Structure formats: C-alpha cells, structure tokens
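Visitor: Sharing model-v4.txt here; it has compact mmCIF, C-alpha atoms.
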# COMPACT_ATOMS: atom_id res chain seq x y z
CA MET A 1 133.25 98.66 79.20
CA LYS A 2 132.80 102.44 79.18
CA ILE A 3 129.03 102.05 78.88
CA ILE A 4 128.93 99.64 81.83
CA LEU A 5 131.04 102.00 83.90
CA PHE A 6 128.80 104.94 82.95
CA PHE A 7 125.61 103.13 83.99
CA SER A 8 127.32 101.83 87.15
CA ILE A 9 128.12 105.35 88.28
CA ILE A 10 124.58 106.51 87.53
CA LEU A 11 123.05 103.56 89.40
CA ILE A 12 125.27 103.93 92.46
CA ALA A 13 124.81 107.69 92.55
CA SER A 14 121.05 107.61 92.18
CA SER A 15 120.04 104.49 94.10
CA CYS A 16 119.56 106.12 97.50
CA SER A 17 119.70 109.77 96.62
CA GLN A 18 116.00 110.38 97.15
CA ARG A 19 114.59 112.44 100.00
CA THR A 20 111.74 110.30 101.27
CA LEU A 21 108.80 111.35 103.41
CA LEU A 22 108.72 108.57 105.98
CA LEU A 23 105.88 109.63 108.19
CA SER A 24 103.47 112.58 108.43
CA PRO A 25 101.14 112.03 111.39
CA LYS A 26 98.77 114.54 112.97
CA ARG A 27 100.28 113.76 116.39
CA ILE A 28 103.28 111.67 117.40
CA SER A 29 104.75 110.92 120.83
CA MET A 30 107.38 108.76 122.46
CA THR A 31 106.01 109.41 125.94
CA GLU A 32 102.20 109.47 125.71
CA GLN A 33 99.83 106.78 124.43
CA SER A 34 96.74 108.98 124.44
CA LEU A 35 95.30 112.04 126.14
CA LEU A 36 93.48 111.19 129.34
CA GLU A 37 90.13 112.73 130.33
CA ASN A 38 90.51 116.08 132.14
CA TYR A 39 93.62 116.87 130.13
CA GLN A 40 94.08 119.28 127.26
CA ILE A 41 96.99 120.14 125.00
CA SER A 42 98.34 123.56 124.22
CA GLU A 43 100.77 124.69 121.54
CA ILE A 44 104.30 125.57 122.67
CA GLY A 45 105.88 126.40 119.31
CA PRO A 46 107.76 124.79 116.43
CA VAL A 47 109.90 121.70 116.97
CA GLU A 48 112.75 120.60 114.73
CA ASP A 49 115.48 118.02 115.10
CA GLN A 50 117.80 115.82 113.07
CA LEU A 51 119.46 112.47 113.70
CA CYS A 52 122.25 110.89 111.68
CA ILE A 53 123.33 107.35 112.29
CA SER A 54 125.50 104.79 110.56
CA SER A 55 124.19 101.52 112.02
CA ASN A 56 121.36 100.00 114.06
CA ASN A 57 123.87 99.03 116.77
CA GLU A 58 124.19 102.66 117.80
CA LEU A 59 120.49 102.84 118.63
CA GLY A 60 120.19 99.94 121.07
CA GLN A 61 116.61 99.40 122.20
CA LEU A 62 115.23 102.29 120.19
CA GLY A 63 114.40 102.67 116.53
CA LEU A 64 115.59 105.55 114.38
CA ILE A 65 112.28 107.44 114.58
CA ASP A 66 111.93 106.58 118.30
CA GLU A 67 115.27 108.24 119.02
CA LEU A 68 114.50 111.25 116.82
CA VAL A 69 111.08 111.88 118.40
CA LYS A 70 112.45 111.29 121.92
CA ASN A 71 115.27 113.82 121.36
CA ALA A 72 112.89 116.37 119.83
CA GLN A 73 110.49 116.02 122.78
CA GLN A 74 113.27 116.27 125.36
CA LYS A 75 114.78 119.38 123.78
CA SER A 76 111.45 121.17 123.36
CA GLY A 77 109.62 119.87 126.44
CA ALA A 78 106.69 118.79 124.25
CA ASP A 79 104.45 115.85 125.16
CA PHE A 80 103.20 115.53 121.57
CA ILE A 81 104.49 116.76 118.22
CA GLY A 82 101.70 117.86 115.90
CA ASP A 83 101.54 117.99 112.08
CA ALA A 84 104.93 116.29 112.07
CA LYS A 85 106.87 115.59 108.89
CA ILE A 86 109.66 113.04 109.16
CA TYR A 87 111.99 112.81 106.17
CA GLN A 88 114.82 110.40 105.44
CA GLU A 89 117.62 112.19 103.70
CA ALA A 90 120.06 110.69 101.22
CA ASN A 91 122.90 110.69 103.77
CA ASP A 92 121.16 108.30 106.24
CA CYS A 93 119.97 111.20 108.34
CA ILE A 94 116.36 111.71 109.33
CA ASN A 95 114.76 114.94 110.42
CA ILE A 96 111.50 115.99 112.00
CA ALA A 97 109.63 119.28 111.82
CA GLY A 98 106.34 120.00 113.54
CA ILE A 99 104.57 121.87 116.30
CA GLY A 100 105.12 121.05 119.95
CA TYR A 101 102.15 120.48 122.26
CA LYS A 102 102.20 120.21 126.03
CA LYS A 103 99.45 118.55 128.02
CA SER A 104 97.93 120.17 131.07
CA LEU A 105 95.16 119.39 133.52
CA ILE A 106 91.88 121.14 132.74
CA LYS A 107 91.12 123.42 135.65
CA SER A 108 87.69 122.76 137.12
CA LYS A 109 85.50 125.83 137.75
CA MET B 1 139.14 91.02 72.85
CA MET B 2 138.15 92.81 76.07
CA PRO B 3 138.83 90.83 79.24
CA LYS B 4 135.59 89.76 80.99
CA ARG B 5 136.92 89.86 84.52
CA PRO B 6 136.63 93.66 84.99
CA VAL B 7 132.99 93.49 83.82
CA TYR B 8 132.15 90.96 86.54
CA MET B 9 134.06 93.05 89.08
CA VAL B 10 132.02 96.12 88.15
CA LEU B 11 128.74 94.17 88.39
CA ILE B 12 129.67 92.83 91.83
CA LEU B 13 130.63 96.35 92.92
CA ILE B 14 127.24 97.66 91.79
CA LEU B 15 125.44 94.95 93.77
CA ILE B 16 127.47 95.74 96.89
CA LEU B 17 127.27 99.53 96.69
CA GLY B 18 123.90 99.92 95.04
CA GLY B 19 121.71 98.78 97.94
CA CYS B 20 120.02 101.27 100.21
CA SER B 21 120.55 101.22 103.96
CA THR B 22 117.68 99.83 105.99
CA PHE B 23 117.04 100.69 109.61
CA ASP B 24 114.66 99.67 112.33
CA TYR B 25 112.59 102.83 112.34
CA SER B 26 110.55 102.06 115.40
CA LYS B 27 110.72 99.58 118.25
CA GLN B 28 108.63 101.33 120.89
CA LEU B 29 107.01 104.43 119.48
CA LYS B 30 104.13 105.17 121.88
CA GLN B 31 101.66 106.96 119.63
CA VAL B 32 101.04 107.93 116.02
CA ALA B 33 97.70 109.70 115.51
CA PHE B 34 95.88 110.46 112.26
CA THR B 35 93.40 112.97 113.69
CA ASP B 36 93.53 115.84 116.15
CA ASN B 37 91.41 113.83 118.57
CA ILE B 38 93.87 111.87 120.72
CA LYS B 39 91.55 111.17 123.66
CA LYS B 40 91.70 107.57 124.86
CA GLY B 41 89.66 105.40 122.49
CA LYS B 42 88.49 101.82 122.03
CA SER B 43 91.14 99.27 121.09
CA ILE B 44 90.57 97.16 117.97
CA GLY B 45 93.61 94.99 118.63
CA PRO B 46 96.76 94.48 116.58
CA ILE B 47 96.92 95.79 113.03
CA GLU B 48 99.65 95.37 110.43
CA GLY B 49 100.50 96.89 107.07
CA ARG B 50 103.40 96.85 104.65
CA ASP B 51 104.94 98.93 101.89
CA CYS B 52 107.26 97.29 99.38
CA VAL B 53 109.54 98.36 96.57
CA TRP B 54 111.40 96.37 93.93
CA GLN B 55 115.03 97.12 93.25
CA PHE B 56 117.09 96.41 90.16
CA PHE B 57 120.86 96.48 90.70
CA GLY B 58 120.12 98.30 93.95
CA LEU B 59 118.14 100.99 92.15
CA PRO B 60 114.64 101.30 93.65
CA ILE B 61 111.84 101.09 91.08
CA GLY B 62 109.70 103.73 92.74
CA THR B 63 110.24 105.50 96.03
CA ARG B 64 111.68 103.81 99.11
CA PRO B 65 109.19 102.13 101.47
CA SER B 66 107.63 104.60 103.88
CA MET B 67 105.89 104.23 107.23
CA ASP B 68 103.09 106.48 105.98
CA ARG B 69 102.13 104.06 103.21
CA ALA B 70 102.59 101.00 105.47
CA LEU B 71 100.29 102.57 108.10
CA LYS B 72 97.71 103.47 105.43
CA ALA B 73 97.87 99.85 104.24
CA ALA B 74 97.27 98.68 107.83
CA MET B 75 94.23 100.95 108.11
CA LYS B 76 92.96 99.87 104.68
CA ASN B 77 93.28 96.20 105.69
CA TYR B 78 91.20 96.88 108.79
CA HIS B 79 88.49 98.81 106.91
CA LEU B 80 88.29 96.22 104.11
CA THR B 81 87.64 93.53 106.71
CA GLY B 82 84.94 95.76 108.24
CA ALA B 83 83.38 96.37 104.79
CA GLU B 84 83.10 92.62 104.11
CA ILE B 85 81.20 92.13 107.36
CA ASN B 86 78.77 94.97 106.51
CA SER B 87 78.38 94.13 102.80
CA SER B 88 75.26 91.93 103.19
CA SER B 89 73.24 94.73 104.77
CA ARG B 90 74.40 97.47 102.40
CA ASP B 91 72.29 98.79 99.54
CA GLU B 92 72.26 101.97 97.47
CA GLN B 93 69.73 103.77 99.64
CA ASN B 94 71.67 103.50 102.88
CA SER B 95 75.18 103.64 101.40
CA ALA B 96 75.61 107.24 102.57
CA LYS B 97 74.55 106.22 106.06
CA ASN B 98 77.03 103.33 106.05
CA GLN B 99 79.77 105.64 104.78
CA LYS B 100 79.14 107.92 107.75
CA ALA B 101 79.27 104.92 110.10
CA GLU B 102 82.60 103.83 108.57
CA ASP B 103 84.00 107.31 109.07
CA THR B 104 83.10 107.27 112.75
CA ASN B 105 84.76 103.83 113.02
CA ALA B 106 88.02 105.08 111.49
CA ILE B 107 91.24 104.31 113.31
CA ARG B 108 92.25 107.50 115.12
CA TYR B 109 95.62 106.44 116.43
CA ILE B 110 98.03 103.53 116.82
CA ASN B 111 100.02 102.67 119.96
CA ASN B 112 103.23 100.68 120.43
CA ILE B 113 104.38 100.83 116.83
CA ILE B 114 107.04 98.38 115.72
CA THR B 115 108.64 98.27 112.28
CA ALA B 116 110.51 95.44 110.60
CA ASN B 117 112.33 95.08 107.30
CA GLU B 118 111.68 92.09 105.10
CA GLY B 119 112.72 91.16 101.60
CA PHE B 120 114.45 88.75 99.32
CA ASN B 121 117.06 88.77 96.59
CA PHE B 122 116.58 87.25 93.18
CA GLY B 123 119.86 87.83 91.41
CA VAL B 124 119.99 91.46 90.44
CA PHE B 125 116.37 91.97 91.55
CA ARG B 126 115.48 92.59 95.14
CA LYS B 127 112.18 93.14 96.94
CA GLN B 128 112.34 95.28 100.06
CA CYS B 129 109.36 95.67 102.39
CA LEU B 130 108.72 97.77 105.46
CA ILE B 131 106.24 96.16 107.84
CA VAL B 132 104.49 98.25 110.48
CA SER B 133 102.45 96.81 113.33
CA GLY B 134 100.76 98.25 116.39
CA ILE B 135 97.54 98.42 118.39
CA GLY B 136 94.78 100.36 116.65
CA TYR B 137 92.29 102.61 118.48
CA LEU B 138 88.96 104.00 117.26
Translate this file's structure into structure tokens.

Guide:
Amino acid sequence: MKIILFFSIILIASSCSQRTLLLSPKRISMTEQSLLENYQISEIGPVEDQLCISSNNELGQLGLIDELVKNAQQKSGADFIGDAKIYQEANDCINIAGIGYKKSLIKSK
Amino acid sequence: MMPKRPVYMVLILILILGGCSTFDYSKQLKQVAFTDNIKKGKSIGPIEGRDCVWQFFGLPIGTRPSMDRALKAAMKNYHLTGAEINSSSRDEQNSAKNQKAEDTNAIRYINNIITANEGFNFGVFRKQCLIVSGIGYL
C-alpha cells in the first residue's frame, strides 16, 4: 500500500509539471493575415504577456493562444509579434515573449 | 490481509487527477509565419498536421503535444506529397536543383489556424493528439 501511495504521489505530481514550448513562429498575429504590397513593418520593442485560465468556457469564441496574442497585441499596439515563444506552464497558464512589429505604408518618393 | 478497496480507490484517484488539462489553443488565429517574409503569397489550400503523446496513468510518455510539432507535421505532409509528384523526374544530377525548387516552394505562413484535441482511452493508457489545420501559403 505504501509503495502504491508513493508512486501515486509521484505520478500526480509529475504528470503535468512540464513547461512546454507550444509554438515558436517567426511572426504571429491575431489581426493580420499577411503584409500587403506597399506596406512595411518596423520594430516597436519587446512584447510579453501571460494568460491563466481554468476552463474553455471562459474563452468563448477564442482559443487560449488567440486570446493571449490578442491581449499582447492590444497592450503593445503591435500588428505582428516576431520571434515569438509561447510556453504552457504547469499551472495552466501560457505566456508569450517576442518582439512587436507595426506595419506602415511605404512612402513613395 | 490488506483490504483491497483502498488500492482501487487510489488507482481511481490517480486516473482522475493524473490527466493533463487540454484546451482549444486556437479557433481563429489569423497568421503564423515561419519566415520573415510575410508578404501575401499563393494559397495551397487547407493543410493539417497532428502531434500525439501516449499517457500511462495520466503520465505523458514524452512531452505534451505542441502546436510547433503539429504545424511541422502539416508542412511535412504537404512536402511529402509534393516529393511524390516530382519523384519520377528526379535523378542524382539534378537533385540539388530540385532541392532548391522545393525550398522556394516551402510554406511561408498559415492563415486561419484552428486546433482540436483528439484521443482515446484504453484502460490506464491514453492517447492524446493535438490537430492543427489552416490555409497554407507559399
């Protein structure tokens, strides 16, 4: 019985205790599908955000990463997040770190 | 003799508590790009990939499914299909040329990404998959 209890505690404690890299794209956006001709992007600085949630019901029409990226873009004003790293933490939180990029119209000479 | 009931109770508790939470990661993510070039490209239509992990008593054997691996699987599926089409015309002399052509045909970004969780239980074993789909662009 003691052995079973010992392994039970180990299994429960370790089953979801990993920090997992979910996604690491070059560019990610919740607002833009691509960059149109005559537009360019410029760096606006680092972007970081975190989202913790206990159930899918809290998200509604958005997914967990959708909500995270949307919040990060809204807070930073970025149109794209570059070199993003999205991790899922052990406590059902996910976080994003990357570089914000804003699009702008290329000025014709 | 030790009563068996507590043993069953502990096993049931492990099965209940041992599983990892699964979420819908994406329902309407607009763009995920794999290169710096995010100019509007040519659509290749829907693509799909998956990443799976086996669990034993809720303990994942390997790391949890990730979108990165599922997206790589989707891209690999697309390029394998392309390689089959080109295989009849490929020989050793022009393999480098074909490799260059494949590189230029690489998927640059994916639009409208949707994820879904799939899996099944087999007693104390469980298979959990993350499926990613979207529209690929060259």

Visitor: Mind checking which residues fall within 7 Å of Asn95 of chain A, counting all atoms listed in the file, ignoring those fewer than 4 positions away in the same chain, and posting them as a PyMOL selection string?

Guide: chain A and resi 49-51+86-88

Visitor: Using all atoms listed in the file, determine which residues of chain B fall within 7 Å of chain A; present them as a ChimeraX atom specification.

Guide: /B:7,14,17-18,20,23-36,38-40,58-60,64,66-68,111

Visitor: I'd like to know which of B:Asn37, B:Ser43, B:Asn77, B:Thr22 is closest to Cys129 of chain B, using all atoms listed in the file.

Guide: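 Looking at the shortest contact to Cys129 of chain B, the residue is B:Thr22.
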
Visitor: Using atom CA of Gly119 of chain B and atom CA of Ala84 of chain A as the two end points, give the distance in Å to one decimal.

Guide: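 So the answer is 28.3 Å.
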
Visitor: Rounded to one decimal in Å, what is the spacing between atom CA of Gly45 of chain B and atom CA of Ile135 of chain B?

Guide: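 Straight-line distance from atom CA of Gly45 of chain B to atom CA of Ile135 of chain B works out to 5.2 Å.
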
Visitor: To one decimal place, how far is atom CA of Gln128 of chain B from atom CA of Trp54 of chain B in Å?

Guide: 6.3 Å

Visitor: For a quick check of understanding, using all atoms listed in the file, which of A:Ile44, A:Cys52, A:Gln73, A:Glu89 has the smallest distance to Lys102 of chain A?

Guide: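 Closest to Lys102 of chain A, using all atoms listed in the file: A:Ile44.
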
Visitor: Neighbours of Val47 of chain A within 6 Å (only C-alpha atoms; same-chain residues fewer than 3 positions away dropped), as a ChimeraX atom specification?

Guide: /A:97-100

Visitor: Would you mind listing what lies within 7 Å of Ala116 of chain B as a ChimeraX atom specification, with all atoms listed in the file counted and same-chain residues fewer than 4 positions away left out?

Guide: /B:24,130-132
